[in-house]
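Source file: coords_30.cif. Holds: mmCIF, C-alpha atoms.
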data_structure
loop_
_atom_site.label_atom_id
_atom_site.label_comp_id
_atom_site.auth_asym_id
_atom_site.auth_seq_id
_atom_site.Cartn_x
_atom_site.Cartn_y
_atom_site.Cartn_z
CA MET A 176 20.57 11.23 20.06
CA ALA A 177 17.97 8.98 18.44
CA LEU A 178 19.21 5.60 17.25
CA VAL A 179 16.46 5.43 14.63
CA THR A 180 14.91 8.16 12.53
CA VAL A 181 11.74 8.00 10.47
CA GLU A 182 11.45 9.63 7.06
CA ARG A 183 7.97 9.96 5.59
CA HIS A 184 7.79 10.00 1.83
CA ALA A 185 4.88 10.40 -0.57
CA ARG A 186 2.16 7.75 -0.93
CA GLY A 187 2.64 6.33 2.55
CA ILE A 188 6.26 5.22 2.15
CA VAL A 189 8.12 5.26 5.47
CA ARG A 190 11.91 4.93 5.53
CA VAL A 191 13.21 3.67 8.89
CA VAL A 192 16.87 4.65 9.19
CA MET A 193 19.13 3.04 11.81
CA ASN A 194 21.95 5.23 13.15
CA HIS A 195 23.48 3.59 16.23
CA VAL A 196 27.00 4.85 15.57
CA GLU A 197 28.65 3.48 18.71
CA ALA A 198 27.49 -0.09 18.06
CA ARG A 199 27.57 0.05 14.24
CA ASN A 200 23.86 -0.76 14.22
CA ALA A 201 24.35 -3.95 16.23
CA MET A 202 20.92 -5.38 17.00
CA GLY A 203 21.31 -4.99 20.75
CA GLU A 204 18.70 -4.06 23.30
CA ALA A 205 18.99 -0.32 22.68
CA LEU A 206 18.45 -0.43 18.92
CA ARG A 207 15.82 -3.17 19.09
CA GLY A 208 13.93 -1.25 21.77
CA GLU A 209 13.85 1.94 19.75
CA LEU A 210 12.79 0.08 16.60
CA LEU A 211 9.98 -1.60 18.53
CA GLU A 212 8.81 1.70 20.05
CA LEU A 213 8.70 3.39 16.65
CA LEU A 214 7.28 0.51 14.63
CA GLN A 215 4.34 -0.40 16.86
CA PRO A 216 2.41 2.81 16.10
CA LEU A 217 3.71 3.01 12.50
CA LEU A 218 2.41 -0.43 11.62
CA GLY A 219 -0.96 0.48 13.09
CA GLU A 220 -1.39 3.58 10.94
CA SER A 221 -3.58 3.09 7.88
CA SER A 222 -1.43 5.67 6.07
CA THR A 223 1.66 3.41 6.26
CA ARG A 224 1.76 1.57 2.95
CA VAL A 225 5.42 0.51 2.59
CA LEU A 226 8.37 0.31 5.02
CA VAL A 227 11.98 0.68 3.93
CA PHE A 228 14.69 -0.37 6.41
CA ALA A 229 17.96 1.47 5.87
CA SER A 230 21.15 2.59 7.58
CA ALA A 231 22.77 6.00 7.90
CA LEU A 232 26.10 4.26 8.55
CA PRO A 233 28.52 2.50 6.17
CA ASN A 234 27.05 -0.85 7.28
CA PHE A 235 23.44 -1.99 7.46
CA SER A 236 24.05 -3.87 10.74
CA VAL A 237 26.97 -5.83 12.19
CA GLY A 238 24.66 -8.32 13.94
CA GLY A 239 24.22 -9.02 17.64
CA ASP A 240 25.89 -6.74 20.17
CA LEU A 241 28.63 -9.10 21.39
CA SER A 242 30.07 -6.41 23.65
CA ARG A 243 27.00 -6.69 25.91
CA MET A 244 26.68 -10.46 26.15
CA ASP A 245 28.95 -11.09 29.15
CA THR A 246 25.96 -11.35 31.46
CA LEU A 247 24.33 -14.19 29.52
CA SER A 248 26.08 -17.17 31.15
CA ASP A 249 22.85 -17.72 33.08
CA PRO A 250 20.41 -19.44 30.67
CA LYS A 251 17.53 -17.50 32.24
CA GLU A 252 19.16 -14.23 31.20
CA GLY A 253 19.86 -15.62 27.74
CA ARG A 254 16.25 -16.66 27.34
CA LYS A 255 15.09 -13.22 28.49
CA ARG A 256 17.27 -11.59 25.82
CA ILE A 257 15.96 -13.83 23.07
CA GLN A 258 12.36 -13.27 24.12
CA SER A 259 12.99 -9.52 24.03
CA ALA A 260 14.29 -9.80 20.45
CA HIS A 261 11.26 -11.90 19.54
CA ARG A 262 8.88 -9.05 20.38
CA LEU A 263 10.31 -7.06 17.47
CA LEU A 264 10.59 -10.14 15.29
CA ARG A 265 6.97 -11.19 15.80
CA LEU A 266 5.76 -7.66 15.12
CA LEU A 267 7.47 -7.69 11.72
CA LEU A 268 6.48 -11.26 10.89
CA ALA A 269 2.84 -10.44 11.58
CA THR A 270 2.54 -7.25 9.55
CA GLY A 271 0.88 -7.29 6.16
CA ILE A 272 2.69 -4.09 5.15
CA PRO A 273 5.28 -4.67 2.40
CA MET A 274 8.86 -4.12 3.58
CA ILE A 275 12.07 -3.40 1.70
CA ALA A 276 15.64 -3.79 2.97
CA GLU A 277 18.11 -1.22 1.64
CA VAL A 278 21.41 -2.97 2.35
CA ARG A 279 24.78 -1.22 2.22
CA GLY A 280 28.05 -2.49 3.69
CA HIS A 281 27.71 -5.54 5.93
CA ALA A 282 24.44 -7.13 7.02
CA VAL A 283 25.56 -9.79 9.49
CA GLY A 284 23.83 -12.24 11.84
CA ALA A 285 20.79 -10.59 13.38
CA GLY A 286 21.31 -7.70 10.96
CA ALA A 287 20.94 -10.16 8.09
CA GLY A 288 17.89 -11.45 9.95
CA LEU A 289 16.28 -8.01 9.83
CA ALA A 290 16.95 -7.77 6.10
CA LEU A 291 15.52 -11.25 5.52
CA LEU A 292 12.24 -10.25 7.18
CA CYS A 293 11.68 -7.90 4.26
CA ASP A 294 9.79 -8.79 1.10
CA THR A 295 12.35 -7.17 -1.17
CA LEU A 296 16.08 -7.02 -0.52
CA VAL A 297 18.04 -4.43 -2.53
CA MET A 298 21.82 -4.54 -2.10
CA ALA A 299 24.56 -2.13 -3.06
CA GLU A 300 27.30 -3.63 -5.23
CA GLY A 301 29.77 -3.35 -2.37
CA ALA A 302 27.48 -4.91 0.22
CA SER A 303 27.62 -8.37 1.78
CA ILE A 304 25.30 -10.50 3.87
CA GLY A 305 26.51 -13.22 6.21
CA PHE A 306 25.63 -15.73 8.89
CA PRO A 307 28.66 -16.09 11.21
CA PHE A 308 26.77 -17.51 14.20
CA PRO A 309 28.88 -20.72 14.60
CA LYS A 310 32.11 -18.72 14.40
CA VAL A 311 31.37 -17.27 17.84
CA GLY A 312 29.75 -20.40 19.23
CA LEU A 313 26.13 -19.45 18.63
CA ALA A 314 23.14 -20.96 16.86
CA PRO A 315 21.15 -18.81 14.41
CA ASP A 316 18.64 -16.39 15.88
CA PHE A 317 16.36 -13.51 14.87
CA GLY A 318 14.32 -15.96 12.81
CA VAL A 319 17.12 -16.65 10.33
CA ALA A 320 16.57 -20.43 10.26
CA TYR A 321 13.02 -19.65 9.10
CA THR A 322 13.48 -16.69 6.76
CA LEU A 323 16.65 -17.90 5.03
CA GLN A 324 15.05 -21.19 3.98
CA ARG A 325 12.12 -19.24 2.55
CA ARG A 326 14.57 -17.15 0.55
CA ILE A 327 17.01 -19.69 -0.87
CA GLY A 328 15.56 -23.12 -0.04
CA PRO A 329 16.41 -25.66 2.70
CA ALA A 330 19.56 -27.13 1.11
CA ALA A 331 21.25 -23.79 0.40
CA ALA A 332 20.19 -22.43 3.81
CA ARG A 333 21.72 -25.47 5.51
CA GLN A 334 25.07 -24.81 3.82
CA ALA A 335 24.93 -21.08 4.62
CA LEU A 336 24.22 -21.63 8.32
CA LEU A 337 26.36 -24.69 9.04
CA TYR A 338 29.40 -23.23 7.28
CA ALA A 339 28.84 -19.65 8.48
CA ARG A 340 28.85 -18.35 4.91
CA SER A 341 29.04 -14.74 3.81
CA TYR A 342 27.90 -13.61 0.36
CA GLY A 343 28.90 -10.60 -1.66
CA ALA A 344 26.12 -8.82 -3.52
CA ALA A 345 26.65 -10.63 -6.84
CA ASP A 346 26.62 -14.07 -5.20
CA ALA A 347 23.62 -13.12 -3.07
CA LEU A 348 21.72 -12.15 -6.21
CA ALA A 349 22.72 -15.37 -7.97
CA ILE A 350 21.22 -17.59 -5.25
CA GLY A 351 18.11 -15.49 -4.64
CA LEU A 352 19.30 -14.04 -1.35
CA ALA A 353 19.06 -10.54 -2.86
CA ASP A 354 16.39 -9.37 -5.28
CA GLU A 355 18.40 -6.60 -6.92
CA VAL A 356 21.95 -5.24 -6.88
CA VAL A 357 22.67 -1.63 -7.80
CA PRO A 358 25.68 0.72 -7.69
CA ASP A 359 26.33 1.94 -4.16
CA ALA A 360 25.47 5.53 -5.09
CA ASP A 361 22.05 4.47 -6.43
CA LEU A 362 20.98 2.31 -3.49
CA GLN A 363 18.64 4.70 -1.66
CA ALA A 364 17.01 5.96 -4.84
CA ARG A 365 16.40 2.44 -6.14
CA ALA A 366 14.97 1.20 -2.83
CA LEU A 367 12.55 4.13 -2.84
CA GLN A 368 11.62 3.39 -6.46
CA ARG A 369 10.75 -0.17 -5.48
CA ALA A 370 8.72 1.23 -2.58
CA GLU A 371 6.86 3.51 -4.97
CA GLU A 372 5.98 0.50 -7.14
CA LEU A 373 4.43 -1.21 -4.12
CA ALA A 374 2.73 1.94 -2.87
CA ALA A 375 1.02 2.26 -6.24
CA LEU A 376 -0.65 -1.13 -5.79
CA PRO A 377 -3.76 -1.76 -3.65
CA SER A 378 -2.77 -2.03 -0.02
CA LEU A 379 -5.34 -4.66 0.98
CA ALA A 380 -4.41 -6.94 -1.92
CA LEU A 381 -0.74 -6.76 -0.97
CA GLN A 382 -1.46 -7.47 2.69
CA LEU A 383 -3.65 -10.44 1.82
CA THR A 384 -1.01 -11.71 -0.60
CA LYS A 385 1.60 -11.59 2.14
CA ARG A 386 -0.62 -13.50 4.53
CA MET A 387 -1.30 -16.16 1.89
CA LEU A 388 2.42 -16.57 1.25
CA GLU A 389 3.05 -17.09 4.97
CA ALA A 390 0.09 -19.35 5.65
CA SER A 391 1.78 -22.67 4.91
CA THR A 392 4.86 -22.19 7.11
CA ASP A 393 5.58 -22.47 10.81
CA ALA A 394 7.61 -19.53 12.11
CA GLU A 395 6.59 -20.23 15.70
CA ALA A 396 8.45 -23.53 15.78
CA VAL A 397 11.68 -21.75 14.81
CA LEU A 398 11.18 -19.06 17.47
CA ASN A 399 10.52 -21.68 20.14
CA ALA A 400 13.66 -23.53 19.07
CA GLU A 401 15.66 -20.29 19.31
CA ALA A 402 14.34 -19.62 22.81
CA LEU A 403 15.57 -23.07 23.90
CA SER A 404 18.83 -23.21 21.94
CA GLN A 405 20.37 -19.75 22.11
CA PRO A 406 20.42 -19.47 25.94
CA LEU A 407 22.37 -22.74 26.02
CA CYS A 408 24.84 -21.26 23.54
CA PHE A 409 25.16 -18.06 25.57
CA ALA A 410 26.22 -20.20 28.55
CA SER A 411 28.68 -22.36 26.59
CA ASP A 412 32.48 -22.40 26.56
CA ASP A 413 32.33 -22.09 22.77
CA PHE A 414 30.55 -18.76 23.01
CA ARG A 415 32.98 -17.50 25.64
CA GLU A 416 35.87 -18.47 23.38
CA GLY A 417 34.17 -16.93 20.34
CA LEU A 418 33.54 -13.69 22.22
CA GLU A 419 37.12 -13.53 23.49
CA ALA A 420 38.50 -14.22 20.01
CA PHE A 421 36.26 -11.52 18.58
CA ARG A 422 37.60 -9.01 21.09
CA GLN A 423 41.21 -10.04 20.50
CA LYS A 424 40.71 -10.05 16.73
CA ARG A 425 41.99 -13.60 16.40
CA LYS A 426 40.65 -16.89 15.11
CA PRO A 427 38.66 -18.75 17.81
CA HIS A 428 39.81 -22.15 19.04
CA PHE A 429 36.75 -24.19 19.85
CA ASP A 430 36.88 -27.39 21.89
CA PRO A 431 36.02 -30.20 19.42
CA GLY A 432 34.79 -32.31 22.31
CA VAL A 433 31.96 -29.94 23.21
CA ALA A 434 28.60 -31.27 22.00
#

Rewrite the structure from the file as C-alpha cells, please.
Amino acid sequence: MALVTVERHARGIVRVVMNHVEARNAMGEALRGELLELLQPLLGESSTRVLVFASALPNFSVGGDLSRMDTLSDPKEGRKRIQSAHRLLRLLLATGIPMIAEVRGHAVGAGAGLALLCDTLVMAEGASIGFPFPKVGLAPDFGVAYTLQRRIGPAAARQALLYARSYGAADALAIGLADEVVPDADLQARALQRAEELAALPSLALQLTKRMLEASTDAEAVLNAEALSQPLCFASDDFREGLEAFRQKRKPHFDPGVA
C-alpha cells in the first residue's frame, strides 16, 4: 500500500497526502523516500502550481521514527540518516512552487519541520505543533532551527526549541506559527481555497518572490550543523534514555552531568 497519494485538482493544485498508518506518518526512511520519489518529478512539471501537504490520518505527523533509531549509536550511521533526510529537505527548500501545510492532529518534531517548510500553514482548531527534540535527548533537525526562526523570530524560536514547547492552534496563530485556524471539519476545504488563491496568481511572480524572500538567509549553515550535531545525539546516553522512556511511556531521567 502506498504511503503517499497524490491528488490533482484544478489549476495545477497538487495535494500530497501522507498515509503511513503503521508509523502514524513518522518521518522515517520509508515515508521520506516515497515523498522524495513522488516530489522530484512533480516539482519539475510546469503544470504544478501549488502543493498542499496533508494527512489521511488523525495526525499530520508524529515526528521522527524513534522505533527505528536503535542502529544509530554509530555516528556514521547517524550522519547517513540525516543526510538522507536532507535530500528531501533541500528539494523543498529549493522549490519556487508555493506550498501549503494542512495540519490536523499533532505535527511534531520532523513533522513540524515539514509543515514549517510551507509558505502557508493552516491548522485545524484541535491541532497542535511541537518541538520535543530535547525530551528524547536530540537536537532539532529537518531544518527546524532555520524555518522556525523565519516564522516566529529568533527569540521565540529559542524558547520553543530549548524548552521543547508545544502549541495548540490558537497559541500557534497568536505567535505567527500558524497563518490560519479553522474548524476541524473545514480544514481540507480551506487549505484548498488558499491553494486556489495562489494558483490564480502568476506562477513566475510567485516563484521569484519566494526566491527573494529566501535570498538573505543561510539554510546551508543549519543543515551542516544538523549533520554534525544529530549523529552525536544519536550516539548519546541521553538519546538512549529518551528512547527507552518513550517506549515505556514514562518521563525520561537524563544525566545532568552529560554535556

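Listed by chain and then by number, the residues chosen by the PyMOL selection byres ((chain A and resi 382) around 8) in this file are Thr270, Gly271, Ile272, Pro273, Ser378, Leu379, Ala380, Leu381, Leu383, Thr384, Lys385 and Arg386 of chain A.
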
Writing out the chosen residues with C-alpha atoms as an mmCIF file, in the frame of the given file:
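Written file, again_38.cif:
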data_model
loop_
_atom_site.group_PDB
_atom_site.id
_atom_site.type_symbol
_atom_site.label_atom_id
_atom_site.label_comp_id
_atom_site.auth_asym_id
_atom_site.auth_seq_id
_atom_site.Cartn_x
_atom_site.Cartn_y
_atom_site.Cartn_z
ATOM 1 C CA THR A 270 2.540 -7.250 9.550
ATOM 2 C CA GLY A 271 0.880 -7.290 6.160
ATOM 3 C CA ILE A 272 2.690 -4.090 5.150
ATOM 4 C CA PRO A 273 5.280 -4.670 2.400
ATOM 5 C CA SER A 378 -2.770 -2.030 -0.020
ATOM 6 C CA LEU A 379 -5.340 -4.660 0.980
ATOM 7 C CA ALA A 380 -4.410 -6.940 -1.920
ATOM 8 C CA LEU A 381 -0.740 -6.760 -0.970
ATOM 9 C CA LEU A 383 -3.650 -10.440 1.820
ATOM 10 C CA THR A 384 -1.010 -11.710 -0.600
ATOM 11 C CA LYS A 385 1.600 -11.590 2.140
ATOM 12 C CA ARG A 386 -0.620 -13.500 4.530
#

Which stretch 354-414 of chain A residues have any atom within 9 Å of an atom of stretch 185-194 of chain A, and for each, what is the nearest pair of atoms with distance in Å to one decimal, counting all atoms listed in the file, rows sorted by chain and number, as JSON lines?
{"residue": "A:Leu367", "atom": "CA", "partner": "A:Ile188", "partner_atom": "CA", "distance": 8.1}
{"residue": "A:Ala370", "atom": "CA", "partner": "A:Ile188", "partner_atom": "CA", "distance": 6.7}
{"residue": "A:Glu371", "atom": "CA", "partner": "A:Ile188", "partner_atom": "CA", "distance": 7.3}
{"residue": "A:Ala374", "atom": "CA", "partner": "A:Arg186", "partner_atom": "CA", "distance": 6.2}
{"residue": "A:Ala375", "atom": "CA", "partner": "A:Arg186", "partner_atom": "CA", "distance": 7.7}

For this file, the PyMOL selection byres ((chain A and resi 176) around 10) selects which residues, as a ChimeraX atom specification?
/A:177-180,194-195

Would you export the selected residues with C-alpha atoms as a short mmCIF file (atom, residue, chain, number, x, y, z; two decimals), keeping the file's coordinate frame, please?
data_model
loop_
_atom_site.label_atom_id
_atom_site.label_comp_id
_atom_site.auth_asym_id
_atom_site.auth_seq_id
_atom_site.Cartn_x
_atom_site.Cartn_y
_atom_site.Cartn_z
CA ALA A 177 17.97 8.98 18.44
CA LEU A 178 19.21 5.60 17.25
CA VAL A 179 16.46 5.43 14.63
CA THR A 180 14.91 8.16 12.53
CA ASN A 194 21.95 5.23 13.15
CA HIS A 195 23.48 3.59 16.23
#

I'd like to see the residues matched by the PyMOL selection byres ((chain A and resi 207-221) around 8) on this file, and ideally I'd get them as a list in words.
Leu178, Val179, Met202, Gly203, Glu204, Ala205, Leu206, Ser222, Thr223, Arg224, Ala260, Arg262, Leu263, Leu266, Thr270 and Ile272 of chain A

File of the preceding selection, C-alpha atoms, as a PDB file, in the frame of the given file:
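Now in again04.pdb:
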ATOM      1  CA  LEU A 178      19.210   5.600  17.250  1.00  0.00           C
ATOM      2  CA  VAL A 179      16.460   5.430  14.630  1.00  0.00           C
ATOM      3  CA  MET A 202      20.920  -5.380  17.000  1.00  0.00           C
ATOM      4  CA  GLY A 203      21.310  -4.990  20.750  1.00  0.00           C
ATOM      5  CA  GLU A 204      18.700  -4.060  23.300  1.00  0.00           C
ATOM      6  CA  ALA A 205      18.990  -0.320  22.680  1.00  0.00           C
ATOM      7  CA  LEU A 206      18.450  -0.430  18.920  1.00  0.00           C
ATOM      8  CA  SER A 222      -1.430   5.670   6.070  1.00  0.00           C
ATOM      9  CA  THR A 223       1.660   3.410   6.260  1.00  0.00           C
ATOM     10  CA  ARG A 224       1.760   1.570   2.950  1.00  0.00           C
ATOM     11  CA  ALA A 260      14.290  -9.800  20.450  1.00  0.00           C
ATOM     12  CA  ARG A 262       8.880  -9.050  20.380  1.00  0.00           C
ATOM     13  CA  LEU A 263      10.310  -7.060  17.470  1.00  0.00           C
ATOM     14  CA  LEU A 266       5.760  -7.660  15.120  1.00  0.00           C
ATOM     15  CA  THR A 270       2.540  -7.250   9.550  1.00  0.00           C
ATOM     16  CA  ILE A 272       2.690  -4.090   5.150  1.00  0.00           C
TER      17      ILE A 272
END

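Across A:Val225, A:Pro315, A:Pro233, A:His261, the tightest approach to A:Pro377 is made by A:Val225 when counting all atoms listed in the file.
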
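Residue nearest A:Arg254, chosen from A:Leu388, A:Arg365, A:Asp316, A:Val196 and counting all atoms listed in the file: A:Asp316.
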
If we count only C-alpha atoms, what is near A:His281 at a cut-off of 8 Å, once residues fewer than 6 positions away on the same chain are taken out, given as a list of chain:residue names?
A:Asn234, A:Phe235, A:Ser236, A:Val237, A:Ala302, A:Ser303, A:Ile304, A:Gly305

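For stretch 353-364 of chain A, the set of protein, DNA and RNA residues having any atom at most 7 Å away, when counting only C-alpha atoms and skipping those fewer than 4 positions along the same chain, is Glu277, Thr295, Leu296, Val297, Met298, Ala299, Glu300, Gly301, Ala344, Ala347, Leu348 and Gln368 of chain A.
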
Pick from A:Phe429, A:Tyr338, A:Phe414, A:Tyr321: nearest to A:Leu268, with all atoms listed in the file counted?
A:Tyr321

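Selecting by distance to (19.0, -25.5, 24.3) with a limit of 12 Å and using all atoms listed in the file, one obtains Pro250, Lys251, Gly253, Arg254, Leu313, Ala314, Asn399, Ala400, Glu401, Ala402, Leu403, Ser404, Gln405, Pro406, Leu407, Cys408, Phe409, Ala410, Ser411 and Ala434 of chain A.
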
Contacts of A:Ala349 at 12 Å or less, counting all atoms listed in the file, minus same-chain residues fewer than 6 places along, as a short mmCIF file (atom, residue, chain, number, x, y, z; two decimals) with C-alpha atoms, in the coordinates of the input?
data_model
loop_
_atom_site.label_atom_id
_atom_site.label_comp_id
_atom_site.auth_asym_id
_atom_site.auth_seq_id
_atom_site.Cartn_x
_atom_site.Cartn_y
_atom_site.Cartn_z
CA ARG A 326 14.57 -17.15 0.55
CA ILE A 327 17.01 -19.69 -0.87
CA ALA A 331 21.25 -23.79 0.40
CA TYR A 342 27.90 -13.61 0.36
CA GLY A 343 28.90 -10.60 -1.66
CA GLU A 355 18.40 -6.60 -6.92
CA VAL A 356 21.95 -5.24 -6.88
#

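Of the residues under consideration (A:Ala394, A:Leu352, A:Gly239, A:Gly417), A:Leu352 shows the shortest atom-to-atom contact distance to A:Leu291 when counting all atoms listed in the file.
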
Could you please determine the separation between atom CA of A:Gly288 and atom CA of A:His184 in Å, to one decimal place?
25.1 Å

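Shortest separation to A:Gln324 among A:Leu376, A:Leu292, A:Ala231, A:Leu226 occurs at residue A:Leu292, atoms counted being only C-alpha atoms.
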
Gap from atom CA of A:Asp294 to atom CA of A:Met274 - Å, one decimal:
5.4 Å

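For the residues A:Val227, A:Leu289, A:Leu337, A:Ala276, ranking by smallest atom-to-atom distance to A:Gly312 using all atoms listed in the file places A:Leu337 first.
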
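Picture a line from atom CA of A:Asp393 to atom CA of A:Leu373; it runs 26.0 Å.
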
Starting from the sparse input, extend stretch 194-205 of chain A to N, CA and C atoms and give the output as a PDB file, keeping the file's coordinate frame.
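Okay, this is what ended up in selection_38.pdb:
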ATOM      1  N   ASN A 194      20.769   4.358  13.037  1.00  0.00           N
ATOM      2  CA  ASN A 194      21.950   5.230  13.150  1.00  0.00           C
ATOM      3  C   ASN A 194      22.579   5.087  14.537  1.00  0.00           C
ATOM      4  N   HIS A 195      22.834   3.833  14.938  1.00  0.00           N
ATOM      5  CA  HIS A 195      23.480   3.590  16.230  1.00  0.00           C
ATOM      6  C   HIS A 195      24.995   3.544  15.987  1.00  0.00           C
ATOM      7  N   VAL A 196      25.601   4.718  15.965  1.00  0.00           N
ATOM      8  CA  VAL A 196      27.000   4.850  15.570  1.00  0.00           C
ATOM      9  C   VAL A 196      27.924   4.022  16.459  1.00  0.00           C
ATOM     10  N   GLU A 197      27.753   4.142  17.752  1.00  0.00           N
ATOM     11  CA  GLU A 197      28.650   3.480  18.710  1.00  0.00           C
ATOM     12  C   GLU A 197      28.692   1.963  18.496  1.00  0.00           C
ATOM     13  N   ALA A 198      27.563   1.366  18.196  1.00  0.00           N
ATOM     14  CA  ALA A 198      27.490  -0.090  18.060  1.00  0.00           C
ATOM     15  C   ALA A 198      27.443  -0.547  16.605  1.00  0.00           C
ATOM     16  N   ARG A 199      27.624   0.374  15.670  1.00  0.00           N
ATOM     17  CA  ARG A 199      27.570   0.050  14.240  1.00  0.00           C
ATOM     18  C   ARG A 199      26.273  -0.677  13.874  1.00  0.00           C
ATOM     19  N   ASN A 200      25.205  -0.191  14.446  1.00  0.00           N
ATOM     20  CA  ASN A 200      23.860  -0.760  14.220  1.00  0.00           C
ATOM     21  C   ASN A 200      23.763  -2.215  14.658  1.00  0.00           C
ATOM     22  N   ALA A 201      24.534  -2.605  15.658  1.00  0.00           N
ATOM     23  CA  ALA A 201      24.350  -3.950  16.230  1.00  0.00           C
ATOM     24  C   ALA A 201      22.926  -4.040  16.773  1.00  0.00           C
ATOM     25  N   MET A 202      22.315  -5.207  16.599  1.00  0.00           N
ATOM     26  CA  MET A 202      20.920  -5.380  17.000  1.00  0.00           C
ATOM     27  C   MET A 202      20.823  -5.710  18.486  1.00  0.00           C
ATOM     28  N   GLY A 203      21.361  -4.826  19.298  1.00  0.00           N
ATOM     29  CA  GLY A 203      21.310  -4.990  20.750  1.00  0.00           C
ATOM     30  C   GLY A 203      20.016  -4.441  21.313  1.00  0.00           C
ATOM     31  N   GLU A 204      19.931  -4.469  22.625  1.00  0.00           N
ATOM     32  CA  GLU A 204      18.700  -4.060  23.300  1.00  0.00           C
ATOM     33  C   GLU A 204      18.314  -2.624  22.985  1.00  0.00           C
ATOM     34  N   ALA A 205      19.296  -1.731  22.908  1.00  0.00           N
ATOM     35  CA  ALA A 205      18.990  -0.320  22.680  1.00  0.00           C
ATOM     36  C   ALA A 205      18.354  -0.096  21.310  1.00  0.00           C
TER      37      ALA A 205
END
